[in-house]
>>> print(open('input28.cif').read())   # mmCIF, C-alpha atoms
data_my_file
loop_
_atom_site.label_atom_id
_atom_site.label_comp_id
_atom_site.auth_asym_id
_atom_site.auth_seq_id
_atom_site.Cartn_x
_atom_site.Cartn_y
_atom_site.Cartn_z
CA GLN A 21 0.00 0.00 0.00
CA LYS A 22 1.57 3.24 -1.13
CA GLU A 23 1.20 5.97 1.45
CA VAL A 24 2.01 9.65 1.65
CA GLU A 25 1.96 11.23 5.08
CA GLN A 26 1.54 14.90 5.90
CA ASN A 27 0.78 16.78 9.08
CA SER A 28 -2.77 18.04 8.57
CA GLY A 29 -2.16 21.23 10.58
CA PRO A 30 -3.29 23.89 10.67
CA LEU A 31 0.19 25.35 10.39
CA SER A 32 0.13 29.03 11.34
CA VAL A 33 2.97 31.26 10.11
CA PRO A 34 3.36 35.05 10.42
CA GLU A 35 3.36 37.08 7.23
CA GLY A 36 6.88 37.48 5.86
CA ALA A 37 8.22 34.38 7.61
CA ILE A 38 9.27 31.05 6.06
CA ALA A 39 6.63 28.33 5.94
CA SER A 40 7.99 24.78 6.02
CA LEU A 41 5.79 21.91 4.89
CA ASN A 42 6.85 18.28 5.17
CA CYS A 43 5.87 14.98 3.60
CA THR A 44 7.04 11.38 3.88
CA TYR A 45 6.26 8.53 1.52
CA SER A 46 6.37 4.76 1.84
CA ASP A 47 7.07 3.54 -1.71
CA ARG A 48 10.82 3.43 -2.31
CA GLY A 49 10.12 3.06 -6.03
CA SER A 50 8.73 6.59 -6.23
CA GLN A 51 10.50 8.65 -8.86
CA SER A 52 8.64 11.95 -9.08
CA PHE A 53 7.32 14.27 -6.43
CA PHE A 54 4.88 17.14 -6.55
CA TRP A 55 3.38 19.89 -4.45
CA TYR A 56 -0.13 21.02 -5.28
CA ARG A 57 -1.88 23.99 -3.69
CA GLN A 58 -5.62 23.85 -3.10
CA TYR A 59 -7.59 26.89 -2.02
CA SER A 60 -10.81 26.23 -0.13
CA GLY A 61 -13.55 25.18 -2.54
CA LYS A 62 -11.17 25.07 -5.50
CA SER A 63 -9.27 22.37 -7.35
CA PRO A 64 -5.58 21.52 -6.83
CA GLU A 65 -2.98 23.52 -8.75
CA LEU A 66 0.57 22.32 -9.39
CA ILE A 67 3.18 24.61 -7.86
CA MET A 68 6.35 22.51 -7.76
CA SER A 69 7.73 19.25 -9.13
CA ILE A 70 11.03 17.61 -8.20
CA TYR A 71 12.68 14.49 -9.55
CA SER A 72 16.23 14.45 -8.13
CA ASN A 73 17.69 14.62 -4.66
CA GLY A 74 18.45 18.12 -3.47
CA ASP A 75 16.76 21.48 -3.75
CA LYS A 76 14.76 23.04 -6.54
CA GLU A 77 13.87 26.72 -6.35
CA ASP A 78 11.11 28.58 -8.18
CA GLY A 79 10.51 32.13 -7.02
CA ARG A 80 9.53 32.08 -3.35
CA PHE A 81 9.12 28.29 -3.38
CA THR A 82 11.82 25.70 -2.74
CA ALA A 83 11.18 21.97 -2.94
CA GLN A 84 13.60 19.61 -1.20
CA LEU A 85 13.90 15.88 -1.85
CA ASN A 86 15.77 13.21 0.09
CA LYS A 87 15.05 9.79 -1.43
CA ALA A 88 17.17 7.93 1.13
CA SER A 89 15.00 9.30 3.93
CA GLN A 90 11.84 9.18 1.75
CA TYR A 91 11.19 12.78 2.60
CA VAL A 92 9.97 15.76 0.60
CA SER A 93 9.53 19.30 1.83
CA LEU A 94 8.31 22.64 0.55
CA LEU A 95 9.60 25.97 1.80
CA ILE A 96 7.71 29.17 1.13
CA ARG A 97 9.78 32.29 1.73
CA ASP A 98 8.30 35.71 2.52
CA SER A 99 4.91 34.11 3.18
CA GLN A 100 1.89 36.13 2.07
CA PRO A 101 -1.75 35.89 3.17
CA SER A 102 -2.52 34.67 -0.35
CA ASP A 103 -0.40 31.59 0.41
CA SER A 104 -3.05 30.45 2.90
CA ALA A 105 -4.32 27.17 1.44
CA THR A 106 -4.03 23.41 1.75
CA TYR A 107 -0.79 22.03 0.33
CA LEU A 108 -0.95 18.52 -1.08
CA CYS A 109 2.13 16.36 -1.47
CA ALA A 110 1.93 13.76 -4.26
CA VAL A 111 4.26 11.04 -5.52
CA ASN A 112 4.46 8.85 -8.61
CA ARG A 113 6.42 5.76 -9.60
CA TYR A 114 7.28 7.26 -12.97
CA SER A 115 9.21 10.33 -13.97
CA GLY A 116 8.52 10.18 -17.67
CA GLY A 117 5.36 9.44 -19.57
CA GLY A 118 4.50 6.22 -17.80
CA ALA A 119 1.01 5.41 -16.72
CA ASP A 120 0.36 5.70 -13.03
CA GLY A 121 -1.90 7.76 -10.87
CA LEU A 122 -0.54 10.11 -8.28
CA THR A 123 -0.69 9.12 -4.64
CA PHE A 124 -1.66 12.17 -2.61
CA GLY A 125 -1.29 12.93 1.06
CA LYS A 126 -4.20 14.42 2.99
CA GLY A 127 -2.66 17.86 2.80
CA THR A 128 -1.40 20.46 5.26
CA HIS A 129 -3.63 23.44 5.95
CA LEU A 130 -1.41 26.54 6.01
CA ILE A 131 -2.55 29.82 7.51
CA ILE A 132 -0.49 32.98 7.00
CA GLN A 133 -1.26 35.49 9.72
CA PRO A 134 -1.14 39.17 8.62
CA ASP B 23 -7.07 28.83 -24.00
CA ALA B 24 -9.75 26.84 -22.21
CA GLY B 25 -8.55 24.83 -19.29
CA VAL B 26 -10.09 21.60 -18.07
CA THR B 27 -13.87 21.82 -18.01
CA GLN B 28 -16.15 19.53 -16.06
CA SER B 29 -19.90 19.13 -15.90
CA PRO B 30 -22.10 19.19 -13.99
CA THR B 31 -20.60 21.23 -11.15
CA HIS B 32 -23.04 19.96 -8.55
CA LEU B 33 -25.51 17.13 -8.49
CA ILE B 34 -27.62 15.24 -5.99
CA LYS B 35 -28.52 11.58 -6.38
CA THR B 36 -30.11 8.92 -4.23
CA ARG B 37 -28.64 5.57 -3.26
CA GLY B 38 -28.75 3.00 -6.02
CA GLN B 39 -28.90 5.53 -8.83
CA GLN B 40 -26.32 5.96 -11.56
CA VAL B 41 -24.37 9.10 -12.45
CA THR B 42 -22.30 10.26 -15.42
CA LEU B 43 -19.72 13.02 -15.09
CA ARG B 44 -18.05 14.67 -18.05
CA CYS B 45 -14.67 16.23 -18.70
CA SER B 46 -12.98 18.09 -21.54
CA PRO B 47 -9.21 18.23 -21.19
CA LYS B 48 -7.00 21.24 -21.68
CA SER B 49 -6.22 22.01 -25.30
CA GLY B 50 -3.26 19.93 -26.48
CA HIS B 51 -3.64 17.30 -23.76
CA ASP B 52 -4.40 13.70 -24.64
CA THR B 53 -4.57 11.97 -21.25
CA VAL B 54 -7.39 12.19 -18.72
CA SER B 55 -7.31 10.97 -15.13
CA TRP B 56 -10.13 10.92 -12.63
CA TYR B 57 -9.75 11.44 -8.89
CA GLN B 58 -12.16 11.27 -5.97
CA GLN B 59 -11.67 13.73 -3.13
CA ALA B 60 -13.66 13.21 0.04
CA LEU B 61 -13.99 16.09 2.49
CA GLY B 62 -10.76 16.69 4.36
CA GLN B 63 -8.85 14.11 2.31
CA GLY B 64 -6.39 14.22 -0.55
CA PRO B 65 -7.52 13.17 -4.03
CA GLN B 66 -7.59 9.41 -4.67
CA PHE B 67 -6.77 8.06 -8.10
CA ILE B 68 -9.66 6.29 -9.83
CA PHE B 69 -8.30 5.64 -13.32
CA GLN B 70 -6.51 7.11 -16.29
CA TYR B 71 -7.48 7.11 -19.96
CA TYR B 72 -5.15 7.42 -22.93
CA GLU B 73 -5.86 6.63 -26.56
CA GLU B 74 -9.45 5.77 -25.60
CA GLU B 75 -8.36 2.98 -23.27
CA GLU B 76 -8.14 2.64 -19.51
CA ARG B 77 -4.42 2.59 -18.92
CA GLN B 78 -4.24 2.39 -15.15
CA ARG B 79 -6.73 1.94 -12.36
CA GLY B 80 -6.67 2.72 -8.67
CA ASN B 81 -8.34 0.80 -5.87
CA PHE B 82 -11.94 1.41 -6.88
CA PRO B 83 -14.68 -1.16 -7.53
CA ASP B 84 -16.10 -1.99 -10.93
CA ARG B 85 -19.06 0.26 -10.20
CA PHE B 86 -16.72 3.00 -11.37
CA SER B 87 -16.21 2.96 -15.12
CA GLY B 88 -15.14 5.41 -17.73
CA HIS B 89 -14.69 6.21 -21.32
CA GLN B 90 -12.52 8.42 -23.47
CA PHE B 91 -13.68 9.73 -26.81
CA PRO B 92 -11.63 10.41 -29.96
CA ASN B 93 -11.56 14.14 -29.10
CA TYR B 94 -9.89 13.18 -25.76
CA SER B 95 -12.91 14.14 -23.65
CA SER B 96 -13.92 11.65 -21.01
CA GLU B 97 -16.79 10.40 -18.91
CA LEU B 98 -16.86 8.86 -15.46
CA ASN B 99 -19.80 6.60 -14.67
CA VAL B 100 -20.71 5.37 -11.22
CA ASN B 101 -23.41 2.73 -10.83
CA ALA B 102 -25.38 1.65 -7.77
CA LEU B 103 -24.45 4.78 -5.84
CA LEU B 104 -23.61 4.46 -2.15
CA LEU B 105 -23.64 7.17 0.50
CA GLY B 106 -19.85 6.88 0.62
CA ASP B 107 -19.61 7.95 -3.01
CA SER B 108 -20.41 11.51 -1.94
CA ALA B 109 -17.30 13.47 -2.84
CA LEU B 110 -15.71 15.95 -5.21
CA TYR B 111 -14.80 14.22 -8.47
CA LEU B 112 -11.84 15.81 -10.15
CA CYS B 113 -10.81 15.40 -13.74
CA ALA B 114 -7.15 16.01 -14.50
CA SER B 115 -5.64 16.33 -17.93
CA SER B 116 -2.05 15.91 -18.98
CA SER B 117 0.05 15.35 -22.06
CA SER B 118 1.73 12.04 -22.82
CA THR B 119 4.78 14.04 -23.92
CA LEU B 120 5.22 15.68 -20.52
CA PRO B 121 6.08 14.26 -17.07
CA THR B 122 3.24 12.09 -15.94
CA GLY B 123 2.45 13.78 -12.64
CA GLU B 124 2.11 17.33 -13.94
CA LEU B 125 -1.65 17.52 -13.96
CA PHE B 126 -4.13 20.26 -14.71
CA PHE B 127 -7.32 19.84 -12.71
CA GLY B 128 -10.83 20.93 -13.54
CA GLU B 129 -12.98 22.59 -10.90
CA GLY B 130 -14.66 19.29 -10.14
CA SER B 131 -18.13 17.83 -9.91
CA ARG B 132 -19.51 17.71 -6.39
CA LEU B 133 -21.71 14.64 -5.96
CA THR B 134 -24.04 14.26 -3.01
CA VAL B 135 -25.69 10.88 -2.49
CA LEU B 136 -28.73 10.86 -0.21
#
>>> encode(input="input28.cif", output="structure tokens")
Amino acid sequence: QKEVEQNSGPLSVPEGAIASLNCTYSDRGSQSFFWYRQYSGKSPELIMSIYSNGDKEDGRFTAQLNKASQYVSLLIRDSQPSDSATYLCAVNRYSGGGADGLTFGKGTHLIIQP
Amino acid sequence: DAGVTQSPTHLIKTRGQQVTLRCSPKSGHDTVSWYQQALGQGPQFIFQYYEEEERQRGNFPDRFSGHQFPNYSSELNVNALLLGDSALYLCASSSSTLPTGELFFGEGSRLTVL
């Protein structure tokens, strides 16, 4: 059974601070890793993907992957109230065009306090 | 450029009935996946369609079936509805030429089973 674990929160962070979101996964065969953001009442939106160990930065977002520890994280720098949402971690066995559904965690509810 | 469109947005059914949900993928995308998201949970993979065939299936019973048409649009059918089928049903489109987990979600169809 493939599992993705996240702390459901809520995680409360002051505006301007760094928000740190964490995720662990059980399937050692996982090859690709994703962070989706979901605003209340809306559908998930892809914000970051990472395929290799290390850090990947995109604007205020940094994704970190450690396959040995089966651990993925997302850092949000200079947090803004508009970052308040549920962040879903997802993993996949394929990194290319293979067929497999994503396994999602339950999500972490992030609240940025003005 | 139209994104992923789903219909209907909301619907109410009673136990034992059947429901059909529809999805048009983002322009240029050829792969459609369906996910079920219960309240407070992450999306769960139902199945994926590519080239009009079911390519991969998650842990869902045969009551859940689908179809993909030559124009890449897709339908999700659920027979013999149960109370537990109440959820947000998300359609996600992707391109077979891009990494498999980079999905674009529609706004979903919220199904309530009474």
>>> resolve_selection(input="input28.cif", expression="the PyMOL selection byres ((chain A) within 12 of (chain B))", output="ChimeraX atom specification")
/A:21-26,28-29,50-71,106-129
>>> atom_distance(input="input28.cif", atom1="CA of Gln28 in chain B", atom2="CA of Val100 in chain B")
15.6 Å
>>> residues_around(input="input28.cif", residues="Leu104 in chain B", least_positions_apart="2", cutoff="8 Å", atoms="all atoms listed in the file", output="MDAnalysis selection string")
chainID B and resid 37:38 102 106:108 135
>>> closest_residue(input="input28.cif", among="B:Thr134, B:Gly88, B:Phe82, B:Leu105", to="Arg44 in chain B", atoms="only C-alpha atoms")
B:Gly88
>>> residues_around(input="input28.cif", residues="Gln84 in chain A", least_positions_apart="5", cutoff="10 Å", atoms="all atoms listed in the file", output="list in words")
Asn42, Phe53, Ser69, Ile70, Tyr71, Ser72, Asn73, Gly74, Asp75, Lys76, Glu77, Tyr91, Val92, Ser93, Leu94 and Leu95 of chain A
>>> atom_distance(input="input28.cif", atom1="CA of Phe81 in chain A", atom2="CA of Ser32 in chain A")
17.3 Å
>>> closest_residue(input="input28.cif", among="B:Asn81, B:Ser29, B:Gln40, B:Ser49", to="Tyr94 in chain B", atoms="all atoms listed in the file")
B:Ser49
>>> resolve_selection(input="input28.cif", expression="the PyMOL selection byres ((chain B and resi 93) around 10)", output="PyMOL selection string")
chain B and resi 46-47+52+73-74+90-92+94-96
